[in-house]
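Coordinates as given in final.txt (compact mmCIF, C-alpha atoms):
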```txt
# COMPACT_ATOMS: atom_id res chain seq x y z
CA MET A 1 39.85 -21.17 -35.55
CA ARG A 2 41.47 -18.05 -34.13
CA ARG A 3 38.11 -16.25 -34.00
CA ALA A 4 36.47 -19.19 -32.18
CA ALA A 5 39.25 -19.22 -29.60
CA LEU A 6 38.87 -15.48 -29.09
CA LEU A 7 35.11 -15.79 -28.63
CA PHE A 8 35.60 -18.65 -26.17
CA MET A 9 38.08 -16.59 -24.13
CA LEU A 10 35.73 -13.59 -24.17
CA GLY A 11 32.89 -15.81 -22.91
CA LEU A 12 35.05 -17.07 -20.06
CA LEU A 13 36.06 -13.53 -19.16
CA LEU A 14 32.46 -12.30 -19.09
CA ALA A 15 31.32 -15.29 -17.02
CA GLY A 16 34.15 -14.67 -14.57
CA CYS A 17 33.15 -11.02 -14.17
CA GLY A 18 29.65 -12.03 -13.17
CA LEU A 19 27.95 -10.14 -15.98
CA LYS A 20 25.81 -13.07 -17.04
CA PRO A 21 25.81 -15.93 -14.53
CA THR A 22 25.87 -19.45 -15.89
CA PRO A 23 22.98 -21.67 -14.72
CA ASP A 24 25.41 -23.63 -12.50
CA LEU A 25 26.83 -20.48 -10.93
CA GLN A 26 23.36 -18.99 -10.57
CA ALA A 27 22.12 -22.07 -8.67
CA GLU A 28 25.20 -21.91 -6.44
CA GLU A 29 24.67 -18.23 -5.71
CA ASN A 30 20.98 -18.77 -4.89
CA ALA A 31 21.95 -21.53 -2.43
CA ILE A 32 24.38 -19.03 -0.85
CA TYR A 33 21.65 -16.36 -0.60
CA LEU A 34 19.24 -18.83 0.99
CA ALA A 35 21.84 -19.81 3.62
CA LEU A 36 22.65 -16.11 4.13
CA PHE A 37 19.05 -15.06 4.76
CA GLN A 38 18.33 -18.04 7.00
CA GLY A 39 21.58 -17.56 8.93
CA ILE A 40 21.42 -13.78 9.36
CA LEU A 41 17.71 -12.91 9.40
CA GLY A 42 16.56 -16.22 10.89
CA PRO A 43 13.60 -18.45 10.11
CA GLU A 44 11.12 -15.87 11.47
CA ALA A 45 11.53 -13.76 8.32
CA LYS A 46 8.35 -14.61 6.41
CA LEU A 47 8.86 -11.98 3.72
CA LEU A 48 12.07 -10.47 2.37
CA VAL A 49 12.05 -6.96 0.97
CA ILE A 50 15.33 -6.41 -0.88
CA GLU A 51 16.64 -3.47 -2.88
CA ASP A 52 16.28 -4.42 -6.54
CA HIS A 53 19.99 -3.89 -7.36
CA THR A 54 23.06 -5.31 -5.68
CA SER A 55 24.93 -3.18 -3.17
CA THR A 56 28.14 -3.34 -1.17
CA PHE A 57 27.25 -0.24 0.89
CA GLY A 58 30.31 1.57 -0.41
CA ALA A 59 32.82 -1.22 0.29
CA LEU A 60 34.45 -0.79 -3.10
CA TYR A 61 34.88 3.00 -2.87
CA ASN A 62 37.92 2.51 -0.67
CA TRP A 63 38.60 -1.16 -1.39
CA LYS A 64 42.17 -1.06 -0.06
CA GLN A 65 41.01 0.04 3.40
CA THR A 66 37.89 -2.18 3.37
CA SER A 67 39.80 -5.29 2.29
CA GLN A 68 42.43 -4.65 4.98
CA TYR A 69 39.66 -4.44 7.62
CA ILE A 70 38.19 -7.70 6.32
CA LYS A 71 41.58 -9.48 6.20
CA GLU A 72 42.38 -8.43 9.78
CA ASN A 73 39.01 -9.42 11.20
CA LEU A 74 38.02 -12.38 8.99
CA PRO A 75 41.38 -14.01 8.26
CA ALA A 76 39.72 -17.19 6.98
CA VAL A 77 38.52 -15.37 3.84
CA ALA A 78 40.77 -16.52 1.00
CA PRO A 79 42.38 -13.77 -1.11
CA GLU A 80 40.83 -15.28 -4.26
CA THR A 81 37.36 -15.08 -2.64
CA LEU A 82 37.86 -11.38 -1.89
CA ALA A 83 39.17 -10.75 -5.41
CA ASP A 84 36.09 -12.44 -6.88
CA PHE A 85 33.83 -10.38 -4.58
CA GLN A 86 35.49 -7.20 -5.81
CA ALA A 87 35.21 -8.21 -9.49
CA ARG A 88 31.60 -9.39 -9.30
CA ASN A 89 30.49 -6.23 -7.51
CA ALA A 90 32.24 -3.64 -9.68
CA GLN A 91 28.81 -2.40 -10.83
CA PRO A 92 25.35 -2.73 -9.22
CA GLN A 93 23.34 -5.43 -10.97
CA PRO A 94 19.57 -6.02 -11.10
CA LEU A 95 18.59 -8.84 -8.75
CA LYS A 96 15.70 -9.83 -11.02
CA ASP A 97 18.32 -11.28 -13.37
CA PHE A 98 19.50 -13.96 -10.95
CA LEU A 99 17.86 -14.03 -7.50
CA SER A 100 15.53 -17.00 -7.05
CA ILE A 101 15.04 -18.36 -3.53
CA PRO A 102 12.13 -20.26 -1.93
CA ILE A 103 11.27 -17.41 0.46
CA PRO A 104 8.62 -14.84 -0.50
CA THR A 105 10.66 -11.91 -1.82
CA VAL A 106 9.81 -8.41 -3.01
CA LEU A 107 12.36 -6.45 -5.03
CA PHE A 108 12.16 -2.84 -3.83
CA SER A 109 12.83 -0.10 -6.39
CA GLU A 110 14.32 3.35 -5.95
CA GLN A 111 10.99 4.76 -7.14
CA GLU A 112 9.14 2.94 -4.36
CA ARG A 113 11.73 4.09 -1.82
CA ASN A 114 11.11 7.70 -2.84
CA GLU A 115 7.35 7.20 -2.78
CA ILE A 116 7.33 5.74 0.74
CA PHE A 117 10.12 7.58 2.50
CA GLN A 118 10.10 11.04 0.95
CA SER A 119 6.37 11.67 1.00
CA SER A 120 5.99 11.98 4.78
CA GLY A 121 7.70 11.48 8.11
CA ASN A 122 6.06 8.09 8.69
CA GLY A 123 7.79 6.18 5.92
CA TRP A 124 8.55 3.17 8.08
CA ASP A 125 4.91 2.92 9.18
CA GLU A 126 3.93 2.85 5.51
CA PHE A 127 6.68 0.34 4.72
CA TYR A 128 5.44 -2.12 7.37
CA ARG A 129 1.81 -1.53 6.34
CA ARG A 130 2.72 -2.60 2.81
CA TYR A 131 5.07 -5.40 3.88
CA PRO A 132 3.85 -6.93 7.15
CA GLY A 133 6.19 -9.61 8.42
CA ALA A 134 9.28 -8.16 6.73
CA PRO A 135 12.28 -7.68 9.05
CA GLY A 136 13.07 -4.42 7.22
CA LEU A 137 14.62 -3.39 3.93
CA SER A 138 17.68 -5.42 2.96
CA ALA A 139 20.48 -4.93 0.45
CA ILE A 140 22.83 -7.65 -0.75
CA SER A 141 25.93 -7.97 -2.89
CA ARG A 142 26.91 -10.62 -5.37
CA ALA A 143 28.74 -13.50 -3.76
CA GLY A 144 32.49 -13.70 -4.18
CA LEU A 145 33.63 -17.32 -4.50
CA ASN A 146 36.88 -19.23 -4.32
CA LYS A 147 37.83 -21.40 -7.32
CA ASP A 148 36.46 -24.67 -5.95
CA ARG A 149 33.25 -22.96 -4.74
CA THR A 150 33.57 -24.02 -1.12
CA GLN A 151 33.88 -20.49 0.29
CA ALA A 152 31.68 -17.45 -0.36
CA PHE A 153 31.86 -13.85 0.80
CA VAL A 154 28.78 -11.59 0.72
CA TYR A 155 27.59 -8.23 2.03
CA ILE A 156 24.10 -7.91 3.57
CA GLY A 157 22.58 -4.90 5.28
CA THR A 158 19.10 -4.48 6.74
CA GLN A 159 17.50 -1.22 7.83
CA SER A 160 14.43 -1.68 10.05
CA HIS A 161 13.72 1.94 11.03
CA TYR A 162 15.29 5.38 10.64
CA LEU A 163 17.98 4.76 13.25
CA ALA A 164 17.90 0.97 13.39
CA GLY A 165 19.90 -1.19 11.06
CA VAL A 166 23.07 -3.18 10.61
CA GLY A 167 25.29 -4.36 7.77
CA TYR A 168 27.62 -7.35 7.71
CA TYR A 169 30.32 -8.91 5.60
CA VAL A 170 29.55 -12.61 5.78
CA LEU A 171 31.77 -15.63 5.19
CA LEU A 172 29.95 -18.79 4.18
CA VAL A 173 31.43 -22.26 3.73
CA LYS A 174 30.11 -25.27 1.88
CA GLU A 175 30.14 -28.40 4.02
CA ASN A 176 28.79 -31.71 2.75
CA GLY A 177 27.17 -29.91 -0.17
CA THR A 178 25.36 -27.33 2.00
CA TRP A 179 26.18 -23.65 2.45
CA LYS A 180 26.38 -22.34 6.04
CA VAL A 181 27.24 -19.00 7.59
CA SER A 182 30.69 -19.44 9.09
CA ASN A 183 31.43 -15.95 10.38
CA GLN A 184 30.27 -12.36 10.04
CA LEU A 185 31.91 -8.99 10.45
CA MET A 186 29.99 -5.80 11.14
CA ALA A 187 30.29 -3.28 8.32
CA TRP A 188 28.04 -0.60 9.87
CA ILE A 189 25.36 -0.08 12.53
CA SER A 190 22.75 2.58 13.11
```
Represent the structure from my file as structure tokens, please.
Amino acid sequence: MRRAALLFMLGLLLAGCGLKPTPDLQAEENAIYLALFQGILGPEAKLLVIEDHTSTFGALYNWKQTSQYIKENLPAVAPETLADFQARNAQPQPLKDFLSIPIPTVLFSEQERNEIFQSSGNGWDEFYRRYPGAPGLSAISRAGLNKDRTQAFVYIGTQSHYLAGVGYYVLLVKENGTWKVSNQLMAWIS
């Protein structure tokens, strides 16, 4: 009995850390990603090219300063949502394990990045030749959620050329069963 209780608690802990999403949580997160891409990149994005591992663009390296910036500029983000964001993004995770949205998507590897961008000075020309219709190369985090799963917090960044790109922290809310972008805060711009 004691061993079963311990295994149950360990399972809950691992699920809470985002290491292996449950089917219910995975469906919720995919609905969040769909709302995120439609709300930030717009319906004109016919193809998404996304780094194949999650990223917070360094938000967790100085979490105290980053979370203060977020709290001051997006006060509607619940502390529990930010805490879940921090926990679920402690380590980069392969998107192939959980990303499934009804938009054509290519997961872009580090090897392909090196092949395209380090071989010559026209990396972006080659990128758009390979991926016509893509708005650029995006990176996303795991979604941090509040306990009742009505609020989500996500990072997304998109680079569209060498000196053209922007990253956002995005607050999404679930209204009438549908996720919508509520507010966004610039994380970086180039």
Proximity check region 78-166 of chain A to region 22-40 of chain A, 9 Å, nearest pairs one decimal Å, only C-alpha atoms, as CSV:
```
residue,atom,partner,partner_atom,distance
A:Phe98,CA,A:Gln26,CA,6.4
A:Leu99,CA,A:Asn30,CA,6.2
A:Ser100,CA,A:Asn30,CA,6.1
A:Ile101,CA,A:Asn30,CA,6.1
A:Pro102,CA,A:Leu34,CA,7.8
A:Ile103,CA,A:Leu34,CA,8.1
A:Ile140,CA,A:Tyr33,CA,8.8
A:Arg142,CA,A:Glu29,CA,7.9
A:Ala143,CA,A:Glu29,CA,6.5
A:Arg149,CA,A:Glu28,CA,8.3
A:Ala152,CA,A:Ile32,CA,7.5
A:Val154,CA,A:Leu36,CA,8.3
A:Ile156,CA,A:Leu36,CA,8.3
```
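For the choices A:Thr150, A:Glu126, A:Ser109, A:Tyr169, the atom-to-atom distance to Ser67 (chain A) is smallest for A:Tyr169 when using only C-alpha atoms.
If you look at CA of Leu82 (chain A) and CA of Phe153 (chain A), they are 7.0 Å away from each other.
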| message | List the spatial neighbours of Glu72 (chain A) as a VMD selection string - criterion: any atom at most 12 Å away, all atoms listed in the file, same-chain residues fewer than 6 positions off excluded. | response | chain A and resid 65 to 66 185
Is it possible to get the axis-aligned box enclosing region 149-152 of chain A (all listed atoms, 5 Å extra per side) as JSON, with centre and edge lengths in Å rounded to one decimal?
```
{"center_x": 32.8, "center_y": -20.7, "center_z": -2.2, "size_x": 12.2, "size_y": 16.6, "size_z": 15.0}
```
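With CA of Arg129 (chain A) on one side and CA of Leu47 (chain A) on the other, the separation reads 12.9 Å.
Residues lying within 12 Å of Asp148 (chain A), counting only C-alpha atoms and ignoring same-chain neighbours fewer than 5 positions away, are Leu25, Glu28, Ala78, Glu80, Thr81, Val173 and Lys174 of chain A.
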Shortest contact to Tyr162 (chain A), candidates A:Val106, A:Ile189, A:Leu41, A:Leu95, atoms counted only C-alpha atoms, goes to A:Ile189
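Among the candidates A:Asp97, A:Leu171, A:Pro92, A:Glu51, the residue lying nearest to Gly144 (chain A) is A:Leu171 (atoms considered: all atoms listed in the file).
If only C-alpha atoms are the atoms counted, then among A:Asn89, A:Asp125, A:Gln118, A:Thr105 the closest residue to Phe57 (chain A) is A:Asn89.
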**Study point:** Sphere at (3.8, -3.5, 2.5), radius 12 Å, counting all atoms listed in the file: residues as an NGL selection string
**Key:** :A and (47-49 or 105-108 or 112-113 or 116 or 123-137)
Restricting it to C-alpha atoms, dump the selection as a compact mmCIF listing (two decimals), in the coordinates of the input.
```txt
# COMPACT_ATOMS: atom_id res chain seq x y z
CA LEU A 47 8.86 -11.98 3.72
CA LEU A 48 12.07 -10.47 2.37
CA VAL A 49 12.05 -6.96 0.97
CA THR A 105 10.66 -11.91 -1.82
CA VAL A 106 9.81 -8.41 -3.01
CA LEU A 107 12.36 -6.45 -5.03
CA PHE A 108 12.16 -2.84 -3.83
CA GLU A 112 9.14 2.94 -4.36
CA ARG A 113 11.73 4.09 -1.82
CA ILE A 116 7.33 5.74 0.74
CA GLY A 123 7.79 6.18 5.92
CA TRP A 124 8.55 3.17 8.08
CA ASP A 125 4.91 2.92 9.18
CA GLU A 126 3.93 2.85 5.51
CA PHE A 127 6.68 0.34 4.72
CA TYR A 128 5.44 -2.12 7.37
CA ARG A 129 1.81 -1.53 6.34
CA ARG A 130 2.72 -2.60 2.81
CA TYR A 131 5.07 -5.40 3.88
CA PRO A 132 3.85 -6.93 7.15
CA GLY A 133 6.19 -9.61 8.42
CA ALA A 134 9.28 -8.16 6.73
CA PRO A 135 12.28 -7.68 9.05
CA GLY A 136 13.07 -4.42 7.22
CA LEU A 137 14.62 -3.39 3.93
```
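Interatomic distance, CA of Gln86 (chain A) against CA of Glu110 (chain A): 23.7 Å.
Nearest to Leu172 (chain A) of all the residues A:Leu74, A:Phe117, A:Gly157, A:Met186 is A:Leu74, counting all atoms listed in the file.
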For Pro79 (chain A), find every residue with an atom within 10 Å (counting only C-alpha atoms), except residues of its own chain fewer than 6 positions away, and show them as a PDB file with C-alpha atoms, in the frame of the given file.
```
ATOM      1  CA  SER A  67      39.800  -5.290   2.290  1.00  0.00           C
ATOM      2  CA  LYS A  71      41.580  -9.480   6.200  1.00  0.00           C
ATOM      3  CA  PHE A  85      33.830 -10.380  -4.580  1.00  0.00           C
ATOM      4  CA  ASN A 146      36.880 -19.230  -4.320  1.00  0.00           C
TER       5      ASN A 146
END
```
The residue from A:Asn62, A:Asn183, A:Asn176, A:Ser190 with the smallest atom-to-atom distance to Ala164 (chain A), counting all atoms listed in the file, is A:Ser190
Any chance you could build region 141-166 of chain A out to N, CA and C atoms and write it as a JSON list (two decimals), in the coordinates of the input?
```json
[["chain", "number", "residue", "atom", "x", "y", "z"],
["A", 141, "SER", "N", 24.94, -8.01, -1.81],
["A", 141, "SER", "CA", 25.93, -7.97, -2.89],
["A", 141, "SER", "C", 25.86, -9.27, -3.68],
["A", 142, "ARG", "N", 26.65, -9.34, -4.74],
["A", 142, "ARG", "CA", 26.91, -10.62, -5.37],
["A", 142, "ARG", "C", 27.86, -11.38, -4.47],
["A", 143, "ALA", "N", 27.85, -12.67, -4.57],
["A", 143, "ALA", "CA", 28.74, -13.50, -3.76],
["A", 143, "ALA", "C", 30.09, -13.63, -4.45],
["A", 144, "GLY", "N", 31.15, -13.40, -3.70],
["A", 144, "GLY", "CA", 32.49, -13.70, -4.18],
["A", 144, "GLY", "C", 32.80, -15.15, -3.81],
["A", 145, "LEU", "N", 33.37, -15.90, -4.73],
["A", 145, "LEU", "CA", 33.63, -17.32, -4.50],
["A", 145, "LEU", "C", 35.10, -17.66, -4.72],
["A", 146, "ASN", "N", 35.56, -18.70, -4.01],
["A", 146, "ASN", "CA", 36.88, -19.23, -4.32],
["A", 146, "ASN", "C", 36.75, -20.16, -5.53],
["A", 147, "LYS", "N", 37.86, -20.62, -6.07],
["A", 147, "LYS", "CA", 37.83, -21.40, -7.32],
["A", 147, "LYS", "C", 37.06, -22.70, -7.20],
["A", 148, "ASP", "N", 37.17, -23.39, -6.06],
["A", 148, "ASP", "CA", 36.46, -24.67, -5.95],
["A", 148, "ASP", "C", 35.06, -24.53, -5.36],
["A", 149, "ARG", "N", 34.61, -23.28, -5.20],
["A", 149, "ARG", "CA", 33.25, -22.96, -4.74],
["A", 149, "ARG", "C", 32.90, -23.63, -3.41],
["A", 150, "THR", "N", 33.83, -23.52, -2.47],
["A", 150, "THR", "CA", 33.57, -24.02, -1.12],
["A", 150, "THR", "C", 33.57, -22.87, -0.10],
["A", 151, "GLN", "N", 33.86, -21.67, -0.58],
["A", 151, "GLN", "CA", 33.88, -20.49, 0.29],
["A", 151, "GLN", "C", 33.21, -19.35, -0.47],
["A", 152, "ALA", "N", 32.36, -18.60, 0.24],
["A", 152, "ALA", "CA", 31.68, -17.45, -0.36],
["A", 152, "ALA", "C", 31.76, -16.27, 0.60],
["A", 153, "PHE", "N", 31.80, -15.08, 0.02],
["A", 153, "PHE", "CA", 31.86, -13.85, 0.80],
["A", 153, "PHE", "C", 30.80, -12.90, 0.24],
["A", 154, "VAL", "N", 29.93, -12.38, 1.12],
["A", 154, "VAL", "CA", 28.78, -11.59, 0.72],
["A", 154, "VAL", "C", 28.60, -10.42, 1.69],
["A", 155, "TYR", "N", 28.04, -9.33, 1.18],
["A", 155, "TYR", "CA", 27.59, -8.23, 2.03],
["A", 155, "TYR", "C", 26.07, -8.30, 2.15],
["A", 156, "ILE", "N", 25.54, -8.07, 3.36],
["A", 156, "ILE", "CA", 24.10, -7.91, 3.57],
["A", 156, "ILE", "C", 23.90, -6.80, 4.60],
["A", 157, "GLY", "N", 22.95, -5.95, 4.33],
["A", 157, "GLY", "CA", 22.58, -4.90, 5.28],
["A", 157, "GLY", "C", 21.07, -4.84, 5.36],
["A", 158, "THR", "N", 20.55, -4.59, 6.56],
["A", 158, "THR", "CA", 19.10, -4.48, 6.74],
["A", 158, "THR", "C", 18.80, -3.28, 7.61],
["A", 159, "GLN", "N", 17.97, -2.39, 7.09],
["A", 159, "GLN", "CA", 17.50, -1.22, 7.83],
["A", 159, "GLN", "C", 16.07, -1.53, 8.26],
["A", 160, "SER", "N", 15.77, -1.37, 9.57],
["A", 160, "SER", "CA", 14.43, -1.68, 10.05],
["A", 160, "SER", "C", 13.67, -0.45, 10.55],
["A", 161, "HIS", "N", 14.35, 0.66, 10.67],
["A", 161, "HIS", "CA", 13.72, 1.94, 11.03],
["A", 161, "HIS", "C", 14.75, 3.03, 10.75],
["A", 162, "TYR", "N", 14.38, 4.29, 11.00],
["A", 162, "TYR", "CA", 15.29, 5.38, 10.64],
["A", 162, "TYR", "C", 16.66, 5.26, 11.30],
["A", 163, "LEU", "N", 16.70, 4.90, 12.55],
["A", 163, "LEU", "CA", 17.98, 4.76, 13.25],
["A", 163, "LEU", "C", 18.18, 3.34, 13.76],
["A", 164, "ALA", "N", 17.74, 2.37, 13.00],
["A", 164, "ALA", "CA", 17.90, 0.97, 13.39],
["A", 164, "ALA", "C", 18.25, 0.13, 12.17],
["A", 165, "GLY", "N", 19.47, -0.34, 12.16],
["A", 165, "GLY", "CA", 19.90, -1.19, 11.06],
["A", 165, "GLY", "C", 21.32, -1.66, 11.29],
["A", 166, "VAL", "N", 21.72, -2.64, 10.50],
["A", 166, "VAL", "CA", 23.07, -3.18, 10.61],
["A", 166, "VAL", "C", 23.47, -3.82, 9.28]]
```
